[in-house]
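Chemist: Here it is: the structure, laid out below.
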Amino acid sequence: MAVKANVFDLQGQLNKVAENFPMFQILNEEGEVVNKAAVPDLSDEQLKELMRRMVYTRILDQRSISLNRQGRLGFYAPTAGQEASQLASQFALEKEDFILPGYRDVPQIVWHGLPLYQAFLFSRGHFHGNQMPEGVNVISPQIIIGAQYIQCAGVALGMKKRGKKSVAITYTGDGGTSQGDFYEGINFAGAFKAPAIFMVQNNRFAISTPVEKQSAAHTLAQKAVAAGIPGIQVDGMDPLAVYVAVKEARERAVNGDGPTLIETLTYRYGPHTMAGDDPTRYRTSELDNEWEKKDPLVRFRKYLEGKGIWNEEIENQVIEEAKEDIKNAIKKADETPKQKVTDLISHMFEVLPQNLEEQMEIYKAKESK
Ligand SMILES: Cc1ncc(C[n+]2csc(CCOP(=O)(O)OP(=O)(O)O)c2C)c(N)n1
Ligand SMILES: [Mg+2]
């Protein structure tokens with residue numbers, strides 16, 4: 001028997017889902033407030049500090065790229081374009097909150113307290129880059145796409161069980177939302193009402209794969225729905241909007257209301273990583289130009305200049321300070337003793353298994369020559 005068509009309004013159902021996830025914005029491309037009611041209560045000093053961190057991090061990105069080209073850094077994933085998404089989200093956290101970053105999220109953990117020279121050592125594959133100082137609540141950047149979502153759910157649940165008033169926050173990209181770990185992480189955290197914040201930095205590409213090919217979902221924020229948690233889509237080039245979204249997600253989490261998924265619409269200006277990716281092979285210069293007009297530093301600068309609390313002189317000071325810090329940090333990384341194989345083995349285990357004990361003896365003998 002033929003089934004009657006159009007019993008369900010399936011297309012309507014899909015359209016309605018996407019309609020629930022409009023992009024949240026406070027500052028437009030011109031640095032004008034378009035959502036007065038949502039402007040966060042930040043002091044002039046706090047606003048300047050956020051701008052300082054964004055300018056500093058843009059310089060850090062430029063320097064890291066040249067250091068990589070000179071062979072003085074190892075793995076590096078460029079961050080320019082993503083400053084609002086990265087730094088305004090970290091700015092909404094408290095020191096006791098825990099960050100579980102992806103490979104592009106080094107700036108957040110540096111601003112959360114990881115000394116810069118250790119971030120450089122991480123890039124060089126030196127174990128000391130992964131030894132987080134006491135009280136700096138971050139783990140090393142995850143290379144396996146999406147794995148940090150599972151870890152975040154676990155850390156958040158641990159905090160809840162210990163009765164802590166803190167949150168765990170993690171970051172992945174648009175591509176990361178296709179991974180099983182992504183769904184497992186948000187589902188688990190939702191079921192256990194764990195105090196987690198799941199960031200999706202949608203920079204439109206997973207290496208060369210455009211987001212349109214990545215998923216049929218109109219927004220990535222709507223993926224939260226199936227896990228029974230709220231999702232927000234934010235203008236990721238607007239530091240105030242990102243700050244407000246994360247602040248509210250944090251409030252919910254510490255009040256026992258569970259996790260939130262936040263999609264930031266952003267763009268990476270540079271290549272995927274410094275390991276030979278050429279973005280001109282998969283992105284047009286029109287698209288690059290369109291996104292450069294949305295630059296987070298440009299709009300925040302305009303906003304702060306309009307308030308009379310930022311100018312070229314202040315910005316140049318920040319740039320000089322950043323260059324000086326970076327110079328000192330790379331010097332300190334250079335001065336760190338080279339790692340030995342015995343260091344790697346002894347840092348992995350408290351009690352060595354037999355096969356590693358044997359290797360330890362072999363390497364001890366080699367290294368003492
Ligand atoms: C499980 C896994 N699969 C594949 C890779 C290879 N890989 C590295 S980065 C990347 C793309 C990730 O894109 P996205 O999640 O959008 O993050 P973005 O790099 O744009 O910040 C892929 C496929 C990996 N690291 N881990
Ligand atoms: Mg991406």
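Each chain in the structure tokens gets a letter, A, B, ..., in the order shown, and its residues are numbered from 1; ligands are numbered from 1 in order too.
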With ligand 2 as the partner and 8 Å as the cut-off, tabulate the residues of chain A that qualify, each row holding the nearest pair of atoms and their distance in Å to one decimal, using only C-alpha atoms and all ligand atoms, sorted by chain and rising number, as JSON lines.

Modeler:
{"residue": "A:Gly173", "atom": "CA", "partner": "ligand 2", "partner_atom_place_in_ligand_line": "1 (Mg)", "distance": 4.5}
{"residue": "A:Asp174", "atom": "CA", "partner": "ligand 2", "partner_atom_place_in_ligand_line": "1 (Mg)", "distance": 4.7}
{"residue": "A:Gly175", "atom": "CA", "partner": "ligand 2", "partner_atom_place_in_ligand_line": "1 (Mg)", "distance": 5.5}
{"residue": "A:Gly176", "atom": "CA", "partner": "ligand 2", "partner_atom_place_in_ligand_line": "1 (Mg)", "distance": 7.7}
{"residue": "A:Gln201", "atom": "CA", "partner": "ligand 2", "partner_atom_place_in_ligand_line": "1 (Mg)", "distance": 6.8}
{"residue": "A:Asn202", "atom": "CA", "partner": "ligand 2", "partner_atom_place_in_ligand_line": "1 (Mg)", "distance": 5.4}
{"residue": "A:Asn203", "atom": "CA", "partner": "ligand 2", "partner_atom_place_in_ligand_line": "1 (Mg)", "distance": 4.6}
{"residue": "A:Arg204", "atom": "CA", "partner": "ligand 2", "partner_atom_place_in_ligand_line": "1 (Mg)", "distance": 5.4}
{"residue": "A:Phe205", "atom": "CA", "partner": "ligand 2", "partner_atom_place_in_ligand_line": "1 (Mg)", "distance": 4.2}
{"residue": "A:Ala206", "atom": "CA", "partner": "ligand 2", "partner_atom_place_in_ligand_line": "1 (Mg)", "distance": 4.1}
{"residue": "A:Ile207", "atom": "CA", "partner": "ligand 2", "partner_atom_place_in_ligand_line": "1 (Mg)", "distance": 6.7}
{"residue": "A:Val211", "atom": "CA", "partner": "ligand 2", "partner_atom_place_in_ligand_line": "1 (Mg)", "distance": 7.7}

Chemist: Among range 171-275 of chain A, which residues carry a DSSP assignment of alpha helix (DSSP H), reported as a ChimeraX atom specification?

Modeler: /A:180-191,211-214,239-254

Chemist: Around ligand 1, at most 10 Å away and counting only C-alpha atoms and all ligand atoms, which residues are there? Put them as JSON, numbers by chain, please.

Modeler: {"A": [77, 78, 79, 82, 102, 103, 104, 105, 142, 143, 144, 145, 146, 147, 171, 172, 173, 174, 175, 176, 177, 178, 179, 180, 181, 200, 201, 202, 203, 204, 205, 206, 207, 208, 209, 210, 211, 214, 266, 267, 268, 271, 272, 273]}

Chemist: Give me the residues near Asp61 in chain A as number ranges by chain, where near means some atom within 9 Å (using only C-alpha atoms) and where sequence neighbours in that chain fewer than 2 positions away do not count.

Modeler: A: 56-59, 63-66, 77-80

Chemist: Using only C-alpha atoms for the distances, tell me which of A:Asp9, A:Asp97, A:Glu45, A:Glu361 is nearest to Thr342 in chain A.

Modeler: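 Checking each candidate against Thr342 in chain A, we get A:Glu361 as the closest.
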